[in-house]
Every structure is written in structure tokens, then in C-alpha cells.
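Shown below: my_file10.cif, with mmCIF, C-alpha atoms.
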```cif
data_input
loop_
_atom_site.group_PDB
_atom_site.id
_atom_site.type_symbol
_atom_site.label_atom_id
_atom_site.label_comp_id
_atom_site.auth_asym_id
_atom_site.auth_seq_id
_atom_site.Cartn_x
_atom_site.Cartn_y
_atom_site.Cartn_z
ATOM 1 C CA MET S 1 13.972 5.178 13.905
ATOM 2 C CA ALA S 2 12.814 8.556 12.646
ATOM 3 C CA GLY S 3 13.805 11.831 14.232
ATOM 4 C CA THR S 4 11.583 14.190 16.170
ATOM 5 C CA ILE S 5 8.494 15.824 14.764
ATOM 6 C CA HIS S 6 10.459 19.044 14.196
ATOM 7 C CA GLU S 7 12.661 17.181 11.716
ATOM 8 C CA ALA S 8 9.743 15.783 9.710
ATOM 9 C CA ASP S 9 10.745 17.603 6.541
ATOM 10 C CA SER S 10 14.526 17.276 6.929
ATOM 11 C CA PRO S 11 16.294 15.916 3.839
ATOM 12 C CA GLU S 12 17.967 13.209 5.928
ATOM 13 C CA LEU S 13 14.707 11.932 7.372
ATOM 14 C CA LEU S 14 12.925 12.011 4.013
ATOM 15 C CA ALA S 15 15.792 10.090 2.398
ATOM 16 C CA GLN S 16 15.651 7.506 5.186
ATOM 17 C CA ILE S 17 11.896 7.108 4.784
ATOM 18 C CA ARG S 18 12.196 6.700 0.993
ATOM 19 C CA GLN S 19 14.835 4.002 1.459
ATOM 20 C CA GLU S 20 12.791 2.154 4.100
ATOM 21 C CA ALA S 21 9.690 2.248 1.904
ATOM 22 C CA ALA S 22 11.639 0.888 -1.064
ATOM 23 C CA GLN S 23 13.075 -1.908 1.070
ATOM 24 C CA ALA S 24 9.628 -2.899 2.367
ATOM 25 C CA ALA S 25 8.240 -2.910 -1.191
ATOM 26 C CA SER S 26 11.128 -5.029 -2.446
ATOM 27 C CA GLU S 27 10.634 -7.597 0.302
ATOM 28 C CA LEU S 28 6.886 -7.761 -0.394
ATOM 29 C CA VAL S 29 7.428 -8.267 -4.140
ATOM 30 C CA GLU S 30 9.657 -11.242 -3.397
ATOM 31 C CA ALA S 31 7.536 -12.789 -0.638
ATOM 32 C CA ALA S 32 4.249 -12.425 -2.521
ATOM 33 C CA LYS S 33 5.751 -13.345 -5.920
ATOM 34 C CA LEU S 34 4.144 -10.236 -7.393
ATOM 35 C CA HIS S 35 4.165 -9.731 -11.151
ATOM 36 C CA ARG S 36 3.188 -7.208 -13.812
ATOM 37 C CA GLY S 37 -0.441 -6.107 -13.730
ATOM 38 C CA GLN S 38 -1.099 -6.995 -10.098
ATOM 39 C CA ILE S 39 -2.272 -4.445 -7.536
ATOM 40 C CA VAL S 40 -0.835 -3.709 -4.091
ATOM 41 C CA VAL S 41 -2.998 -1.769 -1.647
ATOM 42 C CA ILE S 42 -1.088 0.660 0.568
ATOM 43 C CA GLY S 43 -2.524 2.171 3.705
ATOM 44 C CA CYS S 44 -0.224 4.807 5.136
ATOM 45 C CA SER S 45 -0.267 7.163 8.101
ATOM 46 C CA SER S 46 2.315 9.899 7.651
ATOM 47 C CA SER S 47 1.462 10.941 11.222
ATOM 48 C CA GLU S 48 2.621 7.567 12.561
ATOM 49 C CA ALA S 49 5.756 7.745 10.419
ATOM 50 C CA VAL S 50 6.823 10.883 12.293
ATOM 51 C CA GLY S 51 5.896 9.480 15.698
ATOM 52 C CA LYS S 52 2.419 10.927 16.126
ATOM 53 C CA LYS S 53 -1.000 9.292 16.525
ATOM 54 C CA VAL S 54 -2.666 8.220 13.278
ATOM 55 C CA GLY S 55 -4.711 11.066 11.776
ATOM 56 C CA SER S 56 -3.216 13.757 14.000
ATOM 57 C CA TRP S 57 -0.216 15.160 12.107
ATOM 58 C CA SER S 58 -0.570 14.689 8.357
ATOM 59 C CA THR S 59 2.788 15.432 6.740
ATOM 60 C CA PRO S 60 2.724 15.863 2.933
ATOM 61 C CA GLU S 61 6.504 15.657 2.526
ATOM 62 C CA VAL S 62 6.564 12.318 4.334
ATOM 63 C CA GLY S 63 3.601 11.002 2.339
ATOM 64 C CA GLN S 64 5.425 11.896 -0.876
ATOM 65 C CA ALA S 65 8.686 10.318 0.324
ATOM 66 C CA ILE S 66 6.918 7.046 1.147
ATOM 67 C CA TYR S 67 5.135 7.091 -2.205
ATOM 68 C CA ASP S 68 8.421 7.728 -4.035
ATOM 69 C CA GLY S 69 10.152 4.861 -2.250
ATOM 70 C CA LEU S 70 7.377 2.376 -3.001
ATOM 71 C CA ALA S 71 6.994 3.514 -6.613
ATOM 72 C CA SER S 72 10.725 3.106 -7.217
ATOM 73 C CA ILE S 73 10.190 -0.649 -6.813
ATOM 74 C CA PHE S 74 6.645 -1.196 -8.079
ATOM 75 C CA ASP S 75 6.693 1.009 -11.199
ATOM 76 C CA PRO S 76 9.567 -0.693 -13.064
ATOM 77 C CA LEU S 77 7.912 -4.072 -12.446
ATOM 78 C CA GLY S 78 4.524 -2.941 -13.782
ATOM 79 C CA ILE S 79 2.850 -3.462 -10.394
ATOM 80 C CA TYR S 80 0.048 -1.024 -9.623
ATOM 81 C CA LEU S 81 -0.227 0.820 -6.332
ATOM 82 C CA ALA S 82 -3.660 1.498 -4.823
ATOM 83 C CA ALA S 83 -3.423 4.239 -2.191
ATOM 84 C CA GLN S 84 -5.990 3.811 0.553
ATOM 85 C CA CYS S 85 -7.473 7.050 1.826
ATOM 86 C CA CYS S 86 -8.159 7.661 5.499
ATOM 87 C CA GLU S 87 -11.463 6.985 7.215
ATOM 88 C CA HIS S 88 -12.778 10.488 6.400
ATOM 89 C CA LEU S 89 -13.175 9.182 2.829
ATOM 90 C CA ASN S 90 -14.363 5.743 4.039
ATOM 91 C CA ARG S 91 -11.004 4.221 3.060
ATOM 92 C CA ALA S 92 -11.614 4.826 -0.644
ATOM 93 C CA LEU S 93 -8.690 4.153 -2.984
ATOM 94 C CA ILE S 94 -6.704 6.155 -5.496
ATOM 95 C CA VAL S 95 -5.387 4.084 -8.408
ATOM 96 C CA GLU S 96 -4.257 4.470 -12.006
ATOM 97 C CA ARG S 97 -7.252 4.252 -14.337
ATOM 98 C CA GLU S 98 -5.521 1.646 -16.545
ATOM 99 C CA ALA S 99 -5.261 -0.732 -13.562
ATOM 100 C CA VAL S 100 -9.042 -0.973 -13.175
ATOM 101 C CA PRO S 101 -10.732 -0.921 -16.593
ATOM 102 C CA GLY S 102 -14.495 -0.837 -16.297
ATOM 103 C CA ALA S 103 -14.467 -0.135 -12.549
ATOM 104 C CA ASP S 104 -17.125 2.079 -10.963
ATOM 105 C CA ILE S 105 -15.224 5.228 -10.120
ATOM 106 C CA VAL S 106 -16.314 7.820 -7.572
ATOM 107 C CA ASN S 107 -15.632 11.549 -7.434
ATOM 108 C CA VAL S 108 -13.297 12.679 -4.688
ATOM 109 C CA VAL S 109 -9.910 14.362 -4.602
ATOM 110 C CA PRO S 110 -7.898 13.461 -1.487
ATOM 111 C CA GLN S 111 -6.369 16.215 0.635
ATOM 112 C CA PRO S 112 -3.879 15.851 3.503
ATOM 113 C CA LYS S 113 -6.642 16.250 6.119
ATOM 114 C CA ALA S 114 -9.360 14.361 4.202
ATOM 115 C CA GLY S 115 -7.819 11.401 2.472
ATOM 116 C CA GLY S 116 -4.315 11.606 3.890
ATOM 117 C CA SER S 117 -0.903 12.787 2.745
ATOM 118 C CA PHE S 118 0.008 9.490 1.096
ATOM 119 C CA ALA S 119 -3.184 9.236 -0.985
ATOM 120 C CA THR S 120 -2.781 12.914 -1.889
ATOM 121 C CA ALA S 121 0.767 12.237 -3.108
ATOM 122 C CA ALA S 122 -0.469 9.311 -5.203
ATOM 123 C CA TYR S 123 -3.300 11.378 -6.694
ATOM 124 C CA HIS S 124 -0.915 14.130 -7.770
ATOM 125 C CA THR S 125 1.761 11.740 -9.057
ATOM 126 C CA PHE S 126 -0.320 9.190 -10.992
ATOM 127 C CA ARG S 127 -0.801 9.853 -14.703
ATOM 128 C CA HIS S 128 -4.583 9.281 -14.692
ATOM 129 C CA PRO S 129 -5.779 8.866 -11.096
ATOM 130 C CA VAL S 130 -9.258 7.633 -10.277
ATOM 131 C CA ALA S 131 -10.991 6.994 -6.966
ATOM 132 C CA LEU S 132 -12.750 3.726 -6.124
ATOM 133 C CA GLU S 133 -14.786 2.720 -3.102
ATOM 134 C CA GLU S 134 -13.302 -0.762 -3.034
ATOM 135 C CA ILE S 135 -10.769 -3.028 -4.693
ATOM 136 C CA ARG S 136 -9.536 -6.608 -4.347
ATOM 137 C CA ALA S 137 -5.759 -6.291 -4.236
ATOM 138 C CA ASP S 138 -3.126 -9.013 -4.622
ATOM 139 C CA ALA S 139 -0.999 -7.887 -1.668
ATOM 140 C CA GLY S 140 -0.778 -5.020 0.762
ATOM 141 C CA LEU S 141 1.297 -2.883 3.077
ATOM 142 C CA ASP S 142 -0.206 -1.308 6.191
ATOM 143 C CA ILE S 143 2.046 1.531 7.300
ATOM 144 C CA GLY S 144 0.998 2.803 10.712
ATOM 145 C CA GLY S 145 -2.150 0.809 11.537
ATOM 146 C CA THR S 146 -4.466 1.880 8.719
ATOM 147 C CA LEU S 147 -6.409 -1.407 8.344
ATOM 148 C CA ILE S 148 -6.120 -2.481 4.699
ATOM 149 C CA GLY S 149 -7.775 -5.907 5.053
ATOM 150 C CA MET S 150 -11.077 -4.762 3.554
ATOM 151 C CA HIS S 151 -9.311 -4.260 0.203
ATOM 152 C CA LEU S 152 -7.459 -7.588 -0.106
ATOM 153 C CA LYS S 153 -8.551 -10.629 -2.078
ATOM 154 C CA LYS S 154 -9.364 -13.738 -0.099
ATOM 155 C CA VAL S 155 -7.409 -15.424 1.413
ATOM 156 C CA ALA S 156 -5.012 -12.955 3.050
ATOM 157 C CA VAL S 157 -1.773 -14.414 4.404
ATOM 158 C CA PRO S 158 0.487 -12.393 6.746
ATOM 159 C CA VAL S 159 4.012 -11.673 5.487
ATOM 160 C CA ARG S 160 6.787 -10.905 7.950
ATOM 161 C CA LEU S 161 9.173 -8.245 6.641
ATOM 162 C CA THR S 162 12.605 -7.482 8.040
ATOM 163 C CA GLN S 163 11.867 -3.827 7.142
ATOM 164 C CA ASN S 164 9.040 -3.666 9.664
ATOM 165 C CA HIS S 165 9.081 0.117 10.231
ATOM 166 C CA ILE S 166 9.001 3.154 7.972
ATOM 167 C CA GLY S 167 10.090 6.064 10.088
ATOM 168 C CA GLU S 168 8.386 5.335 13.392
ATOM 169 C CA ALA S 169 5.352 3.637 11.787
ATOM 170 C CA MET S 170 5.004 -0.112 12.178
ATOM 171 C CA VAL S 171 4.649 -1.957 8.856
ATOM 172 C CA LEU S 172 2.455 -5.032 8.417
ATOM 173 C CA ALA S 173 2.298 -6.859 5.102
ATOM 174 C CA ALA S 174 0.076 -9.423 3.446
ATOM 175 C CA ARG S 175 -0.107 -11.541 0.327
ATOM 176 C CA VAL S 176 -3.138 -13.482 -0.900
ATOM 177 C CA ARG S 177 -3.841 -16.965 -2.198
ATOM 178 C CA PRO S 178 -6.879 -18.652 -3.750
ATOM 179 C CA LYS S 179 -9.245 -20.440 -1.348
ATOM 180 C CA PHE S 180 -8.918 -24.185 -0.911
ATOM 181 C CA ILE S 181 -12.370 -25.707 -1.456
ATOM 182 C CA GLY S 182 -13.870 -29.178 -1.630
ATOM 183 C CA GLY S 183 -12.956 -30.889 1.617
ATOM 184 C CA GLU S 184 -10.851 -33.949 2.367
ATOM 185 C CA ARG S 185 -11.349 -35.707 -0.990
ATOM 186 C CA ALA S 186 -10.332 -32.702 -3.065
ATOM 187 C CA ALA S 187 -7.038 -32.460 -4.925
ATOM 188 C CA TYR S 188 -5.222 -29.141 -5.071
ATOM 189 C CA ASP S 189 -2.842 -27.430 -7.473
ATOM 190 C CA PRO S 190 0.349 -26.870 -5.445
ATOM 191 C CA ALA S 191 1.315 -23.967 -7.720
ATOM 192 C CA LEU S 192 -1.607 -21.936 -6.317
ATOM 193 C CA LYS S 193 -0.615 -22.431 -2.676
ATOM 194 C CA ASP S 194 1.602 -19.357 -2.735
ATOM 195 C CA GLY S 195 -0.631 -16.993 -4.704
ATOM 196 C CA TYR S 196 -2.164 -16.192 -8.055
ATOM 197 C CA PRO S 197 -0.178 -17.282 -11.127
ATOM 198 C CA GLU S 198 1.000 -14.912 -13.803
ATOM 199 C CA GLU S 199 -1.463 -14.867 -16.695
#
```
What's the C-alpha cells form of this structure?
Amino acid sequence: MAGTIHEADSPELLAQIRQEAAQAASELVEAAKLHRGQIVVIGCSSSEAVGKKVGSWSTPEVGQAIYDGLASIFDPLGIYLAAQCCEHLNRALIVEREAVPGADIVNVVPQPKAGGSFATAAYHTFRHPVALEEIRADAGLDIGGTLIGMHLKKVAVPVRLTQNHIGEAMVLAARVRPKFIGGERAAYDPALKDGYPEE
């Protein structure tokens, strides 16, 4: 577990958090069979990661460390990260423009106290960041109880990770699969049971 709040910017704690974030991302990639071009929504409370109540202790260094750990796995695979902002921005998302061609973008720049430290880190690290009000992501990580379900495709399926904490924040994960439709006489493609195929 993470150290005390007074150690929130210590090099040891930040290195631990980066490693834990990378491990969680790696497990999600495998479990959700993620591939190039897909989008993972990340909700992240840096406050929870340092042992404080969500929204009460935004910590930019921790938000950046979590971003760096996740990106170290997602970026080389061509998987896009969508950073969910906090409720002050109605859980808007920050994403690379190339991931969402033709999307209706909105105008907001996240800050640690209005958007959150993680979304702020993403905004300042992405090449061409844009903000969206909503997205339909292919998988997700909820770091610290940030409620990402509104931005997942249907149908969301829980994924149990062995790396179930980043710092002191609990981590919940999800993948998605297409809906089964048609009732008892319908036939189904077993390849779609575990998610969306690579195009």
C-alpha cells in the first residue's frame, strides 16, 4: 500500500504507483483482448491513491505517475486512453483527437481542482487533446471509485485484476462485448462472446 499523505510526492511512492498502474493496464489488455485503435476509459482519483477521500486531495504528481504507468502499456500497442474528468466537469473526457474523428468536441481545459489531476496530466501529455462529453469505450479502469460505466459500450463485463489497487485506491476493471439478441432460436458467433473483433 501507499505511504502517508506527506510522502505523496516521494520518488519511491511515485515509482510504485507507476508500476502498479502499468501492471493493471497490462492485465486489462490481456483480459479484454484489446487491440490497436480501441479506447480504454480511465477514471482516476489521485486523492484516493494517496489515502484520502475522492475529490479532497488532488495530487498532480500522482496523477502524472498513474498516467505514465498506463501509457507505458497502452501507447506501444496503439490503444487510446480516454481520461475521465471529475464530476465538476460532468465526467467529460480528454482524448487524442485522432481517436475520435468527427466527434463533437467541447471546450474545457481540465485543472487539478476542476477535472482532476489525472485528466490534467493526460491533457498536457497528449499530442492533440480534445474534450468530449461522452464516449463509448471498449474497456475501462476505475481507480478510486470514479464511476466510469456511463462511458462504456454495452455490454460491460467485470474483469477481476490481481493488481486491484494503485497506491491506496481500489481498482475495478471492465471489458465489453456485443449484446446477444434474438431469443432462444437465435444462433450466435462464439468469437464475439469475449469482445469486439479486430477490424
Original post:
Which polymer residues have any atom within 8 Å of an atom of region 61-77 of chain S, counting all atoms listed in the file, with same-chain residues fewer than 5 positions away left out, as an MDAnalysis selection string?
Top reply: chainID S and resid 8:9 14:15 17:22 24:26 35:36 44:46 49 117:122
Preceding selection exported with C-alpha atoms as an mmCIF file, in the coordinates of the input:
```cif
data_model
loop_
_atom_site.group_PDB
_atom_site.id
_atom_site.type_symbol
_atom_site.label_atom_id
_atom_site.label_comp_id
_atom_site.auth_asym_id
_atom_site.auth_seq_id
_atom_site.Cartn_x
_atom_site.Cartn_y
_atom_site.Cartn_z
ATOM 1 C CA ALA S 8 9.743 15.783 9.710
ATOM 2 C CA ASP S 9 10.745 17.603 6.541
ATOM 3 C CA LEU S 14 12.925 12.011 4.013
ATOM 4 C CA ALA S 15 15.792 10.090 2.398
ATOM 5 C CA ILE S 17 11.896 7.108 4.784
ATOM 6 C CA ARG S 18 12.196 6.700 0.993
ATOM 7 C CA GLN S 19 14.835 4.002 1.459
ATOM 8 C CA GLU S 20 12.791 2.154 4.100
ATOM 9 C CA ALA S 21 9.690 2.248 1.904
ATOM 10 C CA ALA S 22 11.639 0.888 -1.064
ATOM 11 C CA ALA S 24 9.628 -2.899 2.367
ATOM 12 C CA ALA S 25 8.240 -2.910 -1.191
ATOM 13 C CA SER S 26 11.128 -5.029 -2.446
ATOM 14 C CA HIS S 35 4.165 -9.731 -11.151
ATOM 15 C CA ARG S 36 3.188 -7.208 -13.812
ATOM 16 C CA CYS S 44 -0.224 4.807 5.136
ATOM 17 C CA SER S 45 -0.267 7.163 8.101
ATOM 18 C CA SER S 46 2.315 9.899 7.651
ATOM 19 C CA ALA S 49 5.756 7.745 10.419
ATOM 20 C CA SER S 117 -0.903 12.787 2.745
ATOM 21 C CA PHE S 118 0.008 9.490 1.096
ATOM 22 C CA ALA S 119 -3.184 9.236 -0.985
ATOM 23 C CA THR S 120 -2.781 12.914 -1.889
ATOM 24 C CA ALA S 121 0.767 12.237 -3.108
ATOM 25 C CA ALA S 122 -0.469 9.311 -5.203
#
```
**OP:** Return as a list in words the set of residues that the PyMOL selection byres ((chain S and resi 102-109) around 9) yields on the displayed structure.
**Re:**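 That selection, the PyMOL selection byres ((chain S and resi 102-109) around 9), comes back as Leu89, Ala92, Ile94, Arg97, Val100, Pro101, Pro110, Gln111, Ala114, Gly115, Thr120, Tyr123, Val130, Ala131, Leu132 and Glu133 of chain S.
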Subject >> Which of S:Gly140, S:Gly37, S:Lys53, S:Ser47 sits closest to Ala83 (chain S) [using only C-alpha atoms] >> reply: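 Distance minimum relative to Ala83 (chain S) lands on S:Gly140.
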Original post:
For Cys86 (chain S), which residue among S:Thr125, S:Ser58, S:Gln38, S:Thr146 is the nearest when counting all atoms listed in the file?
Top reply: S:Thr146
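Counting from CA of Glu48 (chain S), the distance to CA of Pro129 (chain S) is 25.1 Å.
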Original post:
Looking at S:Val54, S:Ala173, S:Leu152, S:Cys85, which one is nearest to Ala31 (chain S), with distances taken over only C-alpha atoms?
Top reply: S:Ala173
Apply the PyMOL selection byres ((chain S and resi 179) around 10) to the file shown and report the selected residues as a PDB file with C-alpha atoms, in the frame of the given file.
```pdb
ATOM      1  CA  LYS S 153      -8.551 -10.629  -2.078  1.00  0.00           C
ATOM      2  CA  LYS S 154      -9.364 -13.738  -0.099  1.00  0.00           C
ATOM      3  CA  VAL S 155      -7.409 -15.424   1.413  1.00  0.00           C
ATOM      4  CA  ALA S 156      -5.012 -12.955   3.050  1.00  0.00           C
ATOM      5  CA  VAL S 176      -3.138 -13.482  -0.900  1.00  0.00           C
ATOM      6  CA  ARG S 177      -3.841 -16.965  -2.198  1.00  0.00           C
ATOM      7  CA  PRO S 178      -6.879 -18.652  -3.750  1.00  0.00           C
ATOM      8  CA  PHE S 180      -8.918 -24.185  -0.911  1.00  0.00           C
ATOM      9  CA  ILE S 181     -12.370 -25.707  -1.456  1.00  0.00           C
ATOM     10  CA  GLY S 182     -13.870 -29.178  -1.630  1.00  0.00           C
ATOM     11  CA  LEU S 192      -1.607 -21.936  -6.317  1.00  0.00           C
ATOM     12  CA  LYS S 193      -0.615 -22.431  -2.676  1.00  0.00           C
ATOM     13  CA  GLY S 195      -0.631 -16.993  -4.704  1.00  0.00           C
TER      14      GLY S 195
END
```
Subject >> Atomic distance CA of Ile148 (chain S) - CA of His128 (chain S), expressed in Å with one decimal >> reply: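 Separating CA of Ile148 (chain S) from CA of His128 (chain S) is a distance of 22.7 Å.
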**OP:** Rounded to one decimal place, report the CA of Glu98 (chain S)-CA of Gly149 (chain S) distance in Å.
**Re:** 23.0 Å
Subject >> Proximity to Glu168 (chain S) - best of S:Ile79, S:Val41, S:Leu13, S:Val95, all atoms listed in the file >> reply: S:Leu13
